[in-house]
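Enquirer: Structure file data_29.tsv, TSV, C-alpha atoms, is pasted below:
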chain	number	residue	atom	x	y	z
A	71	MET	CA	16.37	14.24	-1.43
A	72	THR	CA	15.21	11.29	0.64
A	73	SER	CA	14.50	7.95	-0.95
A	74	ARG	CA	10.82	8.32	-0.04
A	75	ALA	CA	10.59	11.68	-1.81
A	76	ALA	CA	12.38	10.28	-4.85
A	77	ALA	CA	10.06	7.26	-4.91
A	78	LYS	CA	7.03	9.55	-4.79
A	79	ARG	CA	8.37	11.57	-7.72
A	80	TYR	CA	8.95	8.46	-9.82
A	81	ALA	CA	5.48	7.15	-8.88
A	82	ARG	CA	3.84	10.46	-9.76
A	83	ALA	CA	5.62	10.57	-13.14
A	84	LEU	CA	4.65	6.96	-13.87
A	85	PHE	CA	1.05	7.64	-12.91
A	86	ASP	CA	0.81	10.75	-15.08
A	87	VAL	CA	2.21	8.92	-18.10
A	88	ALA	CA	0.12	5.79	-17.47
A	89	LEU	CA	-3.01	7.94	-17.21
A	90	LYS	CA	-2.36	9.32	-20.70
A	91	GLU	CA	-0.82	6.34	-22.47
A	92	ALA	CA	-1.77	3.13	-20.68
A	93	ASN	CA	-4.09	1.43	-18.24
A	94	VAL	CA	-3.29	2.72	-14.73
A	95	ASP	CA	-4.50	-0.52	-13.11
A	96	LYS	CA	-2.37	-2.71	-15.39
A	97	ALA	CA	0.61	-0.46	-14.72
A	98	GLN	CA	0.13	-0.96	-10.99
A	99	ASP	CA	-0.14	-4.73	-11.38
A	100	ASP	CA	3.03	-4.85	-13.49
A	101	LEU	CA	4.95	-2.64	-11.07
A	102	GLU	CA	3.83	-4.69	-8.04
A	103	GLN	CA	4.67	-7.99	-9.75
A	104	PHE	CA	8.16	-6.83	-10.66
A	105	ALA	CA	8.78	-5.44	-7.17
A	106	ASP	CA	7.52	-8.72	-5.66
A	107	LEU	CA	9.74	-10.74	-8.00
A	108	VAL	CA	12.80	-8.80	-6.88
A	109	SER	CA	11.94	-8.93	-3.18
A	110	MET	CA	11.16	-12.67	-3.21
A	111	HIS	CA	14.59	-13.62	-4.58
A	112	GLU	CA	17.27	-12.70	-2.08
A	113	VAL	CA	20.22	-13.00	-4.47
A	114	LEU	CA	18.45	-10.90	-7.11
A	115	SER	CA	17.48	-8.29	-4.53
A	116	HIS	CA	21.04	-8.03	-3.19
A	117	THR	CA	22.50	-7.88	-6.70
A	118	LEU	CA	20.22	-5.04	-7.79
A	119	ALA	CA	20.83	-3.11	-4.56
A	120	ASN	CA	24.60	-3.66	-4.50
A	121	PRO	CA	26.47	-0.44	-5.39
A	122	ALA	CA	29.49	-2.49	-6.48
A	123	VAL	CA	27.51	-3.94	-9.41
A	124	PRO	CA	27.68	-1.49	-12.34
A	125	ALA	CA	24.43	0.16	-13.39
A	126	ALA	CA	24.86	-1.18	-16.94
A	127	LYS	CA	24.80	-4.77	-15.65
A	128	LYS	CA	21.75	-4.00	-13.53
A	129	ARG	CA	20.00	-2.58	-16.60
A	130	THR	CA	20.87	-5.69	-18.60
A	131	LEU	CA	19.52	-7.90	-15.82
A	132	ALA	CA	16.34	-5.80	-15.49
A	133	LYS	CA	15.85	-5.91	-19.29
A	134	ALA	CA	16.20	-9.70	-19.27
A	135	LEU	CA	13.63	-9.99	-16.46
A	136	ILE	CA	11.21	-7.69	-18.29
A	137	ASP	CA	11.61	-9.65	-21.54
A	138	ARG	CA	11.10	-12.93	-19.72
A	139	ALA	CA	7.98	-11.65	-17.96
A	140	GLY	CA	6.43	-10.61	-21.27
A	141	GLY	CA	3.35	-8.46	-21.64
A	142	MET	CA	4.55	-5.74	-19.28
A	143	THR	CA	3.14	-2.26	-19.83
A	144	PRO	CA	5.74	-0.25	-21.80
A	145	VAL	CA	5.63	2.70	-19.38
A	146	VAL	CA	6.44	0.39	-16.45
A	147	SER	CA	9.28	-1.34	-18.29
A	148	LYS	CA	10.70	2.09	-19.23
A	149	LEU	CA	10.55	3.17	-15.58
A	150	ILE	CA	12.28	0.00	-14.40
A	151	LEU	CA	15.03	0.43	-16.99
A	152	LEU	CA	15.39	4.10	-16.02
A	153	LEU	CA	15.74	3.13	-12.36
A	154	ALA	CA	18.36	0.54	-13.33
A	155	GLU	CA	20.33	3.06	-15.41
A	156	ARG	CA	20.33	5.50	-12.50
A	157	ASP	CA	21.18	2.71	-10.04
A	158	ARG	CA	17.93	3.38	-8.16
A	159	LEU	CA	16.26	-0.04	-8.33
A	160	VAL	CA	16.45	-0.14	-4.55
A	161	LEU	CA	13.55	2.35	-4.64
A	162	LEU	CA	11.25	-0.11	-6.41
A	163	PRO	CA	9.18	-1.20	-3.37
A	164	GLU	CA	8.68	2.43	-2.31
A	165	VAL	CA	7.77	3.46	-5.86
A	166	ALA	CA	5.21	0.64	-6.01
A	167	ALA	CA	3.69	1.71	-2.67
A	168	ALA	CA	3.58	5.38	-3.67
A	169	TYR	CA	2.00	4.48	-7.02
A	170	ARG	CA	-0.63	2.34	-5.29
A	171	ASP	CA	-1.48	5.26	-2.97
A	172	ARG	CA	-1.74	7.64	-5.92
A	173	LEU	CA	-3.97	5.22	-7.84
A	174	MET	CA	-6.24	4.73	-4.84
A	175	ASP	CA	-6.52	8.48	-4.40
A	176	HIS	CA	-7.38	8.83	-8.11
A	177	GLN	CA	-10.07	6.14	-7.77
A	178	LYS	CA	-11.37	7.78	-4.58
A	179	VAL	CA	-10.56	4.69	-2.53
A	180	ILE	CA	-9.33	4.88	1.04
A	181	ARG	CA	-7.84	2.05	3.03
A	182	GLY	CA	-8.53	1.39	6.64
A	183	GLU	CA	-8.51	-1.37	9.18
A	184	VAL	CA	-11.16	-2.88	11.36
A	185	THR	CA	-10.14	-4.52	14.64
A	186	THR	CA	-12.38	-6.96	16.46
A	187	ALA	CA	-11.93	-9.34	19.38
A	188	ILE	CA	-12.80	-12.35	17.22
A	189	PRO	CA	-12.61	-12.87	13.45
A	190	ILE	CA	-15.55	-11.42	11.53
A	191	THR	CA	-17.07	-12.63	8.29
A	192	ALA	CA	-16.38	-11.08	4.93
A	193	GLU	CA	-20.05	-10.03	4.78
A	194	LYS	CA	-19.70	-7.98	7.97
A	195	VAL	CA	-16.50	-6.36	6.69
A	196	HIS	CA	-18.33	-5.53	3.45
A	197	ALA	CA	-21.25	-4.03	5.40
A	198	LEU	CA	-18.81	-1.85	7.38
A	199	GLU	CA	-17.13	-0.78	4.14
A	200	GLN	CA	-20.50	0.20	2.69
A	201	GLY	CA	-21.51	2.22	5.76
A	202	LEU	CA	-18.17	3.98	6.00
A	203	GLY	CA	-18.26	4.60	2.26
A	204	GLN	CA	-21.56	6.42	2.62
A	205	ALA	CA	-20.19	8.43	5.55
A	206	THR	CA	-16.97	9.42	3.76
A	207	GLY	CA	-18.24	9.71	0.20
A	208	ARG	CA	-15.44	7.44	-0.99
A	209	ARG	CA	-15.02	3.73	-1.53
A	210	VAL	CA	-13.56	2.18	1.62
A	211	VAL	CA	-11.41	-0.96	1.69
A	212	LEU	CA	-10.93	-2.40	5.17
A	213	GLU	CA	-8.31	-4.85	6.33
A	214	PRO	CA	-9.63	-6.96	9.21
A	215	ARG	CA	-7.46	-7.54	12.29
A	216	VAL	CA	-8.08	-9.53	15.45
A	217	ASP	CA	-7.12	-8.22	18.90
A	218	PRO	CA	-8.66	-10.18	21.81
A	219	SER	CA	-7.65	-7.44	24.26
A	220	ILE	CA	-10.54	-5.20	23.12
A	221	ILE	CA	-12.95	-7.79	24.62
A	222	GLY	CA	-15.72	-6.99	22.13
A	223	GLY	CA	-17.00	-4.34	19.77
A	224	VAL	CA	-15.17	-2.80	16.85
A	225	ILE	CA	-12.36	-0.30	16.30
A	226	THR	CA	-12.14	1.16	12.80
A	227	ARG	CA	-9.25	3.32	11.57
A	228	ILE	CA	-9.45	5.28	8.34
A	229	GLY	CA	-6.46	7.51	7.91
A	230	SER	CA	-6.14	9.50	11.12
A	231	THR	CA	-9.79	9.00	12.08
A	232	VAL	CA	-10.56	6.30	14.64
A	233	TYR	CA	-14.06	5.04	15.41
A	234	ASP	CA	-13.67	3.20	18.71
A	235	GLY	CA	-16.66	1.14	19.79
A	236	SER	CA	-14.67	-1.42	21.77
A	237	VAL	CA	-15.88	-2.77	25.08
A	238	THR	CA	-12.50	-1.96	26.63
A	239	THR	CA	-12.85	1.74	25.76
A	240	GLN	CA	-16.45	1.82	27.00
A	241	LEU	CA	-15.38	0.26	30.30
A	242	GLN	CA	-12.54	2.80	30.65
A	243	LYS	CA	-15.00	5.65	30.04
A	244	MET	CA	-17.38	4.24	32.65
A	245	LYS	CA	-14.53	3.86	35.16
A	246	GLN	CA	-13.43	7.44	34.55
A	247	ALA	CA	-16.98	8.75	34.93
A	248	LEU	CA	-17.45	6.82	38.19
A	249	THR	CA	-14.15	8.01	39.66
A	250	GLU	CA	-14.90	11.62	38.72
A	251	SER	CA	-18.40	11.48	40.23
A	252	ALA	CA	-17.06	9.88	43.44
A	253	GLN	CA	-14.69	12.78	44.06
Could you render the structure from this file as structure tokens?
Expert:
Amino acid sequence: MTSRAAAKRYARALFDVALKEANVDKAQDDLEQFADLVSMHEVLSHTLANPAVPAAKKRTLAKALIDRAGGMTPVVSKLILLLAERDRLVLLPEVAAAYRDRLMDHQKVIRGEVTTAIPITAEKVHALEQGLGQATGRRVVLEPRVDPSIIGGVITRIGSTVYDGSVTTQLQKMKQALTESAQ
């Protein structure tokens, strides 16, 4: 089984338990914070990923970090300790990402990105999110990006769907139409 598949299984199990016993949003926050803590500290990250370090020591270290953090959702702390016991803490970032995807799907939220030639205001991003939300029937969260090569207009990607209203694309279409009509 690939690490991605394993991470998805752990995330699905965590989500199912959190849905019944805890707050799914709080569980996501706790999982993300712990994964961020591990990834931000290079020595800690290497120690938890090192196969030469016994799983029992990793569990003790994870338990100490959980106790020090305080207020962590019990289902998340159990998952972290389970990963430590099985020497699978290296999966933590992938588990957090898979859990976030599952939570967003549960909340009917889809992520996308909007690319413009110049930075756009938060109000315009919000307006695009609203319009795309009405079109898709889901809540849309867009991440703005800037790419001066599109000259102007907007390119929006939601999953595999691309709405391309860039000036560059329009110019390419015009060029193609002109060359085809000239032949």
Enquirer: Give me the residues of segment 74-118 of chain A that have any atom at most 12 Å from an atom of segment 151-165 of chain A; for each, the nearest atom pair and the distance in Å, rounded to one decimal. Use all atoms listed in the file, sort by chain and number, and format it as a tab-separated table.
Expert:
residue	atom	partner	partner_atom	distance
A:Arg74	CA	A:Glu164	CA	6.7
A:Ala75	CA	A:Glu164	CA	9.5
A:Ala76	CA	A:Leu161	CA	8.0
A:Ala77	CA	A:Val165	CA	4.5
A:Lys78	CA	A:Val165	CA	6.2
A:Arg79	CA	A:Val165	CA	8.3
A:Tyr80	CA	A:Val165	CA	6.5
A:Ala81	CA	A:Val165	CA	5.3
A:Arg82	CA	A:Val165	CA	8.9
A:Ala83	CA	A:Val165	CA	10.4
A:Leu84	CA	A:Val165	CA	9.3
A:Phe85	CA	A:Val165	CA	10.6
A:Gln98	CA	A:Val165	CA	10.2
A:Asp100	CA	A:Leu162	CA	11.8
A:Leu101	CA	A:Leu162	CA	8.2
A:Glu102	CA	A:Pro163	CA	7.9
A:Gln103	CA	A:Pro163	CA	10.4
A:Phe104	CA	A:Leu162	CA	8.5
A:Ala105	CA	A:Pro163	CA	5.7
A:Asp106	CA	A:Pro163	CA	8.0
A:Leu107	CA	A:Pro163	CA	10.6
A:Val108	CA	A:Leu162	CA	8.8
A:Ser109	CA	A:Pro163	CA	8.2
A:Met110	CA	A:Pro163	CA	11.6
A:Leu114	CA	A:Leu159	CA	11.1
A:Ser115	CA	A:Val160	CA	8.2
A:His116	CA	A:Val160	CA	9.2
A:Thr117	CA	A:Val160	CA	10.1
A:Leu118	CA	A:Leu159	CA	6.4
Enquirer: With C-alpha atoms kept, could you save the residues just selected as a PDB file, in the coordinates of the input?
Expert:
ATOM      1  CA  ARG A  74      10.820   8.320  -0.040  1.00  0.00           C
ATOM      2  CA  ALA A  75      10.590  11.680  -1.810  1.00  0.00           C
ATOM      3  CA  ALA A  76      12.380  10.280  -4.850  1.00  0.00           C
ATOM      4  CA  ALA A  77      10.060   7.260  -4.910  1.00  0.00           C
ATOM      5  CA  LYS A  78       7.030   9.550  -4.790  1.00  0.00           C
ATOM      6  CA  ARG A  79       8.370  11.570  -7.720  1.00  0.00           C
ATOM      7  CA  TYR A  80       8.950   8.460  -9.820  1.00  0.00           C
ATOM      8  CA  ALA A  81       5.480   7.150  -8.880  1.00  0.00           C
ATOM      9  CA  ARG A  82       3.840  10.460  -9.760  1.00  0.00           C
ATOM     10  CA  ALA A  83       5.620  10.570 -13.140  1.00  0.00           C
ATOM     11  CA  LEU A  84       4.650   6.960 -13.870  1.00  0.00           C
ATOM     12  CA  PHE A  85       1.050   7.640 -12.910  1.00  0.00           C
ATOM     13  CA  GLN A  98       0.130  -0.960 -10.990  1.00  0.00           C
ATOM     14  CA  ASP A 100       3.030  -4.850 -13.490  1.00  0.00           C
ATOM     15  CA  LEU A 101       4.950  -2.640 -11.070  1.00  0.00           C
ATOM     16  CA  GLU A 102       3.830  -4.690  -8.040  1.00  0.00           C
ATOM     17  CA  GLN A 103       4.670  -7.990  -9.750  1.00  0.00           C
ATOM     18  CA  PHE A 104       8.160  -6.830 -10.660  1.00  0.00           C
ATOM     19  CA  ALA A 105       8.780  -5.440  -7.170  1.00  0.00           C
ATOM     20  CA  ASP A 106       7.520  -8.720  -5.660  1.00  0.00           C
ATOM     21  CA  LEU A 107       9.740 -10.740  -8.000  1.00  0.00           C
ATOM     22  CA  VAL A 108      12.800  -8.800  -6.880  1.00  0.00           C
ATOM     23  CA  SER A 109      11.940  -8.930  -3.180  1.00  0.00           C
ATOM     24  CA  MET A 110      11.160 -12.670  -3.210  1.00  0.00           C
ATOM     25  CA  LEU A 114      18.450 -10.900  -7.110  1.00  0.00           C
ATOM     26  CA  SER A 115      17.480  -8.290  -4.530  1.00  0.00           C
ATOM     27  CA  HIS A 116      21.040  -8.030  -3.190  1.00  0.00           C
ATOM     28  CA  THR A 117      22.500  -7.880  -6.700  1.00  0.00           C
ATOM     29  CA  LEU A 118      20.220  -5.040  -7.790  1.00  0.00           C
TER      30      LEU A 118
END
Enquirer: Taking all listed atoms of segment 216-226 of chain A, build the axis-aligned box, pad each of the six sides by 5 Å, then write its centre and edge lengths in Å to one decimal as AutoDock Vina command-line options.
Expert:
--center_x -12.1 --center_y -4.5 --center_z 18.7 --size_x 19.9 --size_y 21.3 --size_z 21.8
Enquirer: What's the separation between atom CA of Val145 of chain A and atom CA of Lys90 of chain A, in Å to one decimal place?
Expert: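 Atom CA of Lys90 of chain A lies 10.5 Å from atom CA of Val145 of chain A.
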Enquirer: Which residue is closest to Ile228 of chain A? Choose from A:Gly203, A:Pro121, A:Pro189, A:Pro144 and count all atoms listed in the file.
Expert: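 With all atoms listed in the file as the atom set, the closest residue is A:Gly203.
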Enquirer: So what do you get for atom CA of Arg227 of chain A versus atom CA of Asp86 of chain A, distance-wise?
Expert: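 Separation of atom CA of Arg227 of chain A and atom CA of Asp86 of chain A: 29.4 Å.
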Enquirer: Calculate how many Å separate atom CA of Thr239 of chain A from atom CA of Ile220 of chain A, rounding to one decimal.
Expert: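 Atom-to-atom, atom CA of Thr239 of chain A and atom CA of Ile220 of chain A are spaced 7.8 Å apart.
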Enquirer: Give me, as an NGL selection string, all polymer residues having an atom no more than 12 Å from Met174 of chain A, counting only C-alpha atoms and skipping those fewer than 4 positions away in the same chain.
Expert: :A and (85 or 94-95 or 98 or 167-170 or 178-181 or 208-211)
Enquirer: Given only C-alpha atoms as the basis, pick out the residue of A:Lys96, A:Lys194, A:Arg129, A:His176 nearest to Val146 of chain A.
Expert: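 Closest candidate: A:Lys96.
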